[in-house]
Amino acid sequence: MAQIYVKASETDKPYIEKVSTEPLDGYEVKNGLLNDQIIALLNYPTKCYVDDNGVVFTPNQIPLSDAEKQAQTIKLEFSDMKQKMEDMQTTIDDLTKDKINLQTALTNANTDNNNLKQQIQSMQKQSLAYMTQLAQINAELAKYKQNQSSTQGGDK
């Protein structure tokens, strides 16, 4: 495992100013560090400190720099926009399905309407045929009555 060397800040004690993996002047070797402590020291040395006994302390949650905060804000905004776009796409997909369903319902209704029109036309033709037959029957009945009355009138 690599040795970690730290240099305490002259102006901001007990915080660490710099970290190295090589022995340098003014740097003190620190053994027995955990992996997450080594990572914190290498990435955020000024957020770590050494107590009076020489023990290295690294915060559980490293405070973010302004650039990191801005990047995190941008990332959250991007994630929020992405979610909104996904929600909009879902809405568009739902509306498209609704449009297809409504178009199918309209097509079916138009087909039903055309079938009903054909049935009405057929019934009108049948009604006209019945009326024609009825008119013929009435005409024949009138002839028959006329023949009957002329036959009975001639016998008297």
# chains A, B, ... in the order shown; residues from 1 in each chain; ligands from 1
>>> select_by_dssp(residues="chain A", states="helix (DSSP H, G or I)", output="mmCIF file with C-alpha atoms, in the first residue's frame")
data_model
loop_
_atom_site.group_PDB
_atom_site.id
_atom_site.type_symbol
_atom_site.label_atom_id
_atom_site.label_comp_id
_atom_site.auth_asym_id
_atom_site.auth_seq_id
_atom_site.Cartn_x
_atom_site.Cartn_y
_atom_site.Cartn_z
ATOM 1 C CA ASN A 35 -9.273 3.508 1.709
ATOM 2 C CA ASP A 36 -12.032 6.108 2.020
ATOM 3 C CA GLN A 37 -9.679 8.296 4.126
ATOM 4 C CA ILE A 38 -6.966 8.022 1.472
ATOM 5 C CA ILE A 39 -9.463 8.948 -1.254
ATOM 6 C CA ALA A 40 -10.713 11.925 0.772
ATOM 7 C CA LEU A 41 -7.152 13.068 1.481
ATOM 8 C CA LEU A 42 -6.087 12.834 -2.158
ATOM 9 C CA ASN A 43 -9.224 14.508 -3.548
ATOM 10 C CA PRO A 45 -6.965 17.576 1.339
ATOM 11 C CA THR A 46 -8.060 21.009 2.626
ATOM 12 C CA LYS A 47 -11.259 19.512 4.044
ATOM 13 C CA ASP A 66 -18.848 25.981 -5.559
ATOM 14 C CA ALA A 67 -18.021 24.320 -8.881
ATOM 15 C CA GLU A 68 -19.195 20.947 -7.528
ATOM 16 C CA LYS A 69 -22.383 22.537 -6.176
ATOM 17 C CA GLN A 70 -23.033 24.152 -9.555
ATOM 18 C CA ALA A 71 -22.349 20.852 -11.348
ATOM 19 C CA GLN A 72 -24.696 19.063 -8.958
ATOM 20 C CA THR A 73 -27.391 21.723 -9.516
ATOM 21 C CA ILE A 74 -26.988 21.382 -13.285
ATOM 22 C CA LYS A 75 -27.157 17.607 -12.956
ATOM 23 C CA LEU A 76 -30.354 17.863 -10.876
ATOM 24 C CA GLU A 77 -31.877 20.330 -13.346
ATOM 25 C CA PHE A 78 -30.935 18.052 -16.230
ATOM 26 C CA SER A 79 -32.425 15.067 -14.402
ATOM 27 C CA ASP A 80 -35.585 17.069 -13.726
ATOM 28 C CA MET A 81 -35.821 18.137 -17.382
ATOM 29 C CA LYS A 82 -35.215 14.572 -18.495
ATOM 30 C CA GLN A 83 -38.020 13.354 -16.210
ATOM 31 C CA LYS A 84 -40.336 16.075 -17.530
ATOM 32 C CA MET A 85 -39.514 15.059 -21.109
ATOM 33 C CA GLU A 86 -40.150 11.406 -20.278
ATOM 34 C CA ASP A 87 -43.476 12.401 -18.685
ATOM 35 C CA MET A 88 -44.342 14.447 -21.768
ATOM 36 C CA GLN A 89 -43.448 11.509 -24.027
ATOM 37 C CA THR A 90 -45.679 9.257 -21.917
ATOM 38 C CA THR A 91 -48.498 11.809 -22.263
ATOM 39 C CA ILE A 92 -47.928 11.988 -26.033
ATOM 40 C CA ASP A 93 -47.957 8.177 -26.239
ATOM 41 C CA ASP A 94 -51.186 8.058 -24.208
ATOM 42 C CA LEU A 95 -52.779 10.734 -26.400
ATOM 43 C CA THR A 96 -51.695 8.856 -29.519
ATOM 44 C CA LYS A 97 -53.315 5.677 -28.183
ATOM 45 C CA ASP A 98 -56.458 7.661 -27.324
ATOM 46 C CA LYS A 99 -56.488 9.147 -30.841
ATOM 47 C CA ILE A 100 -56.201 5.671 -32.372
ATOM 48 C CA ASN A 101 -58.987 4.373 -30.109
ATOM 49 C CA LEU A 102 -61.210 7.363 -30.950
ATOM 50 C CA GLN A 103 -60.479 6.978 -34.667
ATOM 51 C CA THR A 104 -61.424 3.292 -34.453
ATOM 52 C CA ALA A 105 -64.612 4.168 -32.544
ATOM 53 C CA LEU A 106 -65.467 6.827 -35.143
ATOM 54 C CA THR A 107 -64.850 4.399 -38.002
ATOM 55 C CA ASN A 108 -67.063 1.803 -36.280
ATOM 56 C CA ALA A 109 -69.765 4.421 -35.653
ATOM 57 C CA ASN A 110 -69.642 5.507 -39.302
ATOM 58 C CA THR A 111 -69.904 1.871 -40.401
ATOM 59 C CA ASP A 112 -72.884 1.358 -38.073
ATOM 60 C CA ASN A 113 -74.441 4.589 -39.400
ATOM 61 C CA ASN A 114 -74.032 3.428 -43.011
ATOM 62 C CA ASN A 115 -75.529 0.038 -42.148
ATOM 63 C CA LEU A 116 -78.501 1.740 -40.494
ATOM 64 C CA LYS A 117 -78.966 3.996 -43.549
ATOM 65 C CA GLN A 118 -79.008 0.904 -45.771
ATOM 66 C CA GLN A 119 -81.536 -0.771 -43.477
ATOM 67 C CA ILE A 120 -83.750 2.350 -43.565
ATOM 68 C CA GLN A 121 -83.508 2.522 -47.365
ATOM 69 C CA SER A 122 -84.383 -1.173 -47.589
ATOM 70 C CA MET A 123 -87.361 -0.672 -45.272
ATOM 71 C CA GLN A 124 -88.472 2.366 -47.309
ATOM 72 C CA LYS A 125 -88.323 0.284 -50.512
ATOM 73 C CA GLN A 126 -90.246 -2.506 -48.806
ATOM 74 C CA SER A 127 -92.793 0.012 -47.490
ATOM 75 C CA LEU A 128 -93.193 1.463 -51.014
ATOM 76 C CA ALA A 129 -93.689 -2.057 -52.376
ATOM 77 C CA TYR A 130 -96.367 -2.715 -49.696
ATOM 78 C CA MET A 131 -98.071 0.593 -50.472
ATOM 79 C CA THR A 132 -98.071 -0.269 -54.200
ATOM 80 C CA GLN A 133 -99.545 -3.686 -53.429
ATOM 81 C CA LEU A 134 -102.134 -2.090 -51.129
ATOM 82 C CA ALA A 135 -103.068 0.438 -53.842
ATOM 83 C CA GLN A 136 -103.488 -2.447 -56.339
ATOM 84 C CA ILE A 137 -105.619 -4.365 -53.845
ATOM 85 C CA ASN A 138 -107.733 -1.258 -53.202
ATOM 86 C CA ALA A 139 -108.132 -0.682 -56.943
ATOM 87 C CA GLU A 140 -109.171 -4.309 -57.461
ATOM 88 C CA LEU A 141 -111.538 -4.084 -54.480
ATOM 89 C CA ALA A 142 -113.087 -0.930 -55.926
ATOM 90 C CA LYS A 143 -113.535 -2.692 -59.297
ATOM 91 C CA TYR A 144 -115.023 -5.680 -57.560
ATOM 92 C CA LYS A 145 -117.469 -3.463 -55.607
ATOM 93 C CA GLN A 146 -118.353 -1.613 -58.767
ATOM 94 C CA ASN A 147 -118.958 -4.862 -60.587
ATOM 95 C CA GLN A 148 -121.043 -6.109 -57.692
ATOM 96 C CA SER A 149 -123.168 -3.014 -57.590
ATOM 97 C CA SER A 150 -123.688 -2.964 -61.353
ATOM 98 C CA THR A 151 -124.596 -6.634 -61.270
ATOM 99 C CA GLN A 152 -127.062 -6.105 -58.424
ATOM 100 C CA GLY A 153 -128.440 -2.923 -59.983
ATOM 101 C CA GLY A 154 -129.168 -4.699 -63.250
ATOM 102 C CA ASP A 155 -131.210 -7.445 -61.571
#
>>> select_by_dssp(residues="chain A", states="strand (DSSP E)", output="list of chain:residue names")
A:Ile4, A:Tyr5, A:Val6, A:Lys7, A:Ala8, A:Ile16, A:Glu17, A:Lys18, A:Val19, A:Ser20, A:Glu28, A:Val29, A:Lys30, A:Tyr49, A:Val50, A:Val56, A:Phe57
>>> residues_around(residues="Val50 (chain A)", least_positions_apart="2", cutoff="9 Å", atoms="only C-alpha atoms", output="list in words")
Ala8, Lys13, Pro14, Tyr15, Ile16, Cys48, Asp52, Asn53, Gly54, Val55, Val56, Phe57 and Thr58 of chain A
>>> residues_around(residues="Lys30 (chain A)", least_positions_apart="4", cutoff="8 Å", atoms="only C-alpha atoms", output="number ranges by chain")
A: 3-6, 56
>>> write_last_selection(atoms="C-alpha atoms", output="PDB file, in the first residue's frame")
ATOM      1  CA  GLN A   3       2.460   5.721   1.909  1.00  0.00           C
ATOM      2  CA  ILE A   4       0.484   8.958   2.364  1.00  0.00           C
ATOM      3  CA  TYR A   5       2.297  12.108   3.460  1.00  0.00           C
ATOM      4  CA  VAL A   6       0.441  15.178   4.669  1.00  0.00           C
ATOM      5  CA  VAL A  56      -6.056  12.131  10.427  1.00  0.00           C
TER       6      VAL A  56
END
>>> atom_distance(atom1="CA of Val29 (chain A)", atom2="CA of Thr11 (chain A)")
20.3 Å
>>> decode(residues="region 134-156 of chain A", atoms="N, CA, C and O atoms", output="PDB file, in the first residue's frame")
ATOM      1  N   LEU A 134    -100.882  -2.509 -51.772  1.00  0.00           N
ATOM      2  CA  LEU A 134    -102.134  -2.090 -51.129  1.00  0.00           C
ATOM      3  C   LEU A 134    -102.991  -1.258 -52.089  1.00  0.00           C
ATOM      4  O   LEU A 134    -104.221  -1.439 -52.157  1.00  0.00           O
ATOM      5  N   ALA A 135    -102.327  -0.373 -52.872  1.00  0.00           N
ATOM      6  CA  ALA A 135    -103.068   0.438 -53.842  1.00  0.00           C
ATOM      7  C   ALA A 135    -103.685  -0.465 -54.910  1.00  0.00           C
ATOM      8  O   ALA A 135    -104.840  -0.259 -55.322  1.00  0.00           O
ATOM      9  N   GLN A 136    -102.942  -1.508 -55.353  1.00  0.00           N
ATOM     10  CA  GLN A 136    -103.488  -2.447 -56.339  1.00  0.00           C
ATOM     11  C   GLN A 136    -104.670  -3.209 -55.744  1.00  0.00           C
ATOM     12  O   GLN A 136    -105.696  -3.410 -56.418  1.00  0.00           O
ATOM     13  N   ILE A 137    -104.519  -3.635 -54.500  1.00  0.00           N
ATOM     14  CA  ILE A 137    -105.619  -4.365 -53.845  1.00  0.00           C
ATOM     15  C   ILE A 137    -106.833  -3.461 -53.720  1.00  0.00           C
ATOM     16  O   ILE A 137    -107.974  -3.892 -54.005  1.00  0.00           O
ATOM     17  N   ASN A 138    -106.609  -2.203 -53.328  1.00  0.00           N
ATOM     18  CA  ASN A 138    -107.733  -1.258 -53.202  1.00  0.00           C
ATOM     19  C   ASN A 138    -108.402  -1.004 -54.556  1.00  0.00           C
ATOM     20  O   ASN A 138    -109.636  -0.919 -54.654  1.00  0.00           O
ATOM     21  N   ALA A 139    -107.567  -0.902 -55.605  1.00  0.00           N
ATOM     22  CA  ALA A 139    -108.132  -0.682 -56.943  1.00  0.00           C
ATOM     23  C   ALA A 139    -108.945  -1.887 -57.368  1.00  0.00           C
ATOM     24  O   ALA A 139    -110.056  -1.750 -57.918  1.00  0.00           O
ATOM     25  N   GLU A 140    -108.424  -3.095 -57.111  1.00  0.00           N
ATOM     26  CA  GLU A 140    -109.171  -4.309 -57.461  1.00  0.00           C
ATOM     27  C   GLU A 140    -110.430  -4.424 -56.622  1.00  0.00           C
ATOM     28  O   GLU A 140    -111.491  -4.840 -57.116  1.00  0.00           O
ATOM     29  N   LEU A 141    -110.348  -4.045 -55.344  1.00  0.00           N
ATOM     30  CA  LEU A 141    -111.538  -4.084 -54.480  1.00  0.00           C
ATOM     31  C   LEU A 141    -112.594  -3.102 -54.972  1.00  0.00           C
ATOM     32  O   LEU A 141    -113.788  -3.417 -55.000  1.00  0.00           O
ATOM     33  N   ALA A 142    -112.134  -1.919 -55.414  1.00  0.00           N
ATOM     34  CA  ALA A 142    -113.087  -0.930 -55.926  1.00  0.00           C
ATOM     35  C   ALA A 142    -113.746  -1.444 -57.193  1.00  0.00           C
ATOM     36  O   ALA A 142    -114.963  -1.296 -57.387  1.00  0.00           O
ATOM     37  N   LYS A 143    -112.959  -2.096 -58.080  1.00  0.00           N
ATOM     38  CA  LYS A 143    -113.535  -2.692 -59.297  1.00  0.00           C
ATOM     39  C   LYS A 143    -114.534  -3.762 -58.929  1.00  0.00           C
ATOM     40  O   LYS A 143    -115.615  -3.854 -59.512  1.00  0.00           O
ATOM     41  N   TYR A 144    -114.139  -4.595 -57.979  1.00  0.00           N
ATOM     42  CA  TYR A 144    -115.023  -5.680 -57.560  1.00  0.00           C
ATOM     43  C   TYR A 144    -116.333  -5.110 -57.016  1.00  0.00           C
ATOM     44  O   TYR A 144    -117.409  -5.589 -57.372  1.00  0.00           O
ATOM     45  N   LYS A 145    -116.257  -4.070 -56.167  1.00  0.00           N
ATOM     46  CA  LYS A 145    -117.469  -3.463 -55.607  1.00  0.00           C
ATOM     47  C   LYS A 145    -118.300  -2.826 -56.724  1.00  0.00           C
ATOM     48  O   LYS A 145    -119.531  -2.904 -56.703  1.00  0.00           O
ATOM     49  N   GLN A 146    -117.618  -2.241 -57.661  1.00  0.00           N
ATOM     50  CA  GLN A 146    -118.353  -1.613 -58.767  1.00  0.00           C
ATOM     51  C   GLN A 146    -119.059  -2.682 -59.610  1.00  0.00           C
ATOM     52  O   GLN A 146    -120.210  -2.523 -59.992  1.00  0.00           O
ATOM     53  N   ASN A 147    -118.346  -3.770 -59.853  1.00  0.00           N
ATOM     54  CA  ASN A 147    -118.958  -4.862 -60.587  1.00  0.00           C
ATOM     55  C   ASN A 147    -120.112  -5.446 -59.808  1.00  0.00           C
ATOM     56  O   ASN A 147    -121.138  -5.821 -60.391  1.00  0.00           O
ATOM     57  N   GLN A 148    -119.966  -5.546 -58.541  1.00  0.00           N
ATOM     58  CA  GLN A 148    -121.043  -6.109 -57.692  1.00  0.00           C
ATOM     59  C   GLN A 148    -122.239  -5.189 -57.717  1.00  0.00           C
ATOM     60  O   GLN A 148    -123.374  -5.667 -57.791  1.00  0.00           O
ATOM     61  N   SER A 149    -122.013  -3.905 -57.614  1.00  0.00           N
ATOM     62  CA  SER A 149    -123.168  -3.014 -57.590  1.00  0.00           C
ATOM     63  C   SER A 149    -123.814  -2.918 -58.968  1.00  0.00           C
ATOM     64  O   SER A 149    -125.010  -2.787 -59.093  1.00  0.00           O
ATOM     65  N   SER A 150    -123.050  -3.001 -60.042  1.00  0.00           N
ATOM     66  CA  SER A 150    -123.688  -2.964 -61.353  1.00  0.00           C
ATOM     67  C   SER A 150    -124.406  -4.274 -61.627  1.00  0.00           C
ATOM     68  O   SER A 150    -125.427  -4.292 -62.276  1.00  0.00           O
ATOM     69  N   THR A 151    -123.910  -5.349 -61.096  1.00  0.00           N
ATOM     70  CA  THR A 151    -124.596  -6.634 -61.270  1.00  0.00           C
ATOM     71  C   THR A 151    -125.883  -6.621 -60.445  1.00  0.00           C
ATOM     72  O   THR A 151    -126.928  -7.062 -60.928  1.00  0.00           O
ATOM     73  N   GLN A 152    -125.857  -6.129 -59.277  1.00  0.00           N
ATOM     74  CA  GLN A 152    -127.062  -6.105 -58.424  1.00  0.00           C
ATOM     75  C   GLN A 152    -128.016  -5.034 -58.937  1.00  0.00           C
ATOM     76  O   GLN A 152    -129.227  -5.217 -58.860  1.00  0.00           O
ATOM     77  N   GLY A 153    -127.557  -3.983 -59.473  1.00  0.00           N
ATOM     78  CA  GLY A 153    -128.440  -2.923 -59.983  1.00  0.00           C
ATOM     79  C   GLY A 153    -129.147  -3.372 -61.238  1.00  0.00           C
ATOM     80  O   GLY A 153    -130.274  -2.999 -61.509  1.00  0.00           O
ATOM     81  N   GLY A 154    -128.572  -4.198 -62.015  1.00  0.00           N
ATOM     82  CA  GLY A 154    -129.168  -4.699 -63.250  1.00  0.00           C
ATOM     83  C   GLY A 154    -130.221  -5.731 -62.988  1.00  0.00           C
ATOM     84  O   GLY A 154    -131.132  -5.915 -63.775  1.00  0.00           O
ATOM     85  N   ASP A 155    -130.238  -6.401 -61.888  1.00  0.00           N
ATOM     86  CA  ASP A 155    -131.210  -7.445 -61.571  1.00  0.00           C
ATOM     87  C   ASP A 155    -132.499  -6.821 -61.110  1.00  0.00           C
ATOM     88  O   ASP A 155    -133.513  -7.454 -61.175  1.00  0.00           O
ATOM     89  N   LYS A 156    -132.547  -5.679 -60.637  1.00  0.00           N
ATOM     90  CA  LYS A 156    -133.746  -5.114 -60.081  1.00  0.00           C
ATOM     91  C   LYS A 156    -134.684  -4.737 -61.108  1.00  0.00           C
ATOM     92  O   LYS A 156    -134.995  -4.514 -62.023  1.00  0.00           O
TER      93      LYS A 156
END
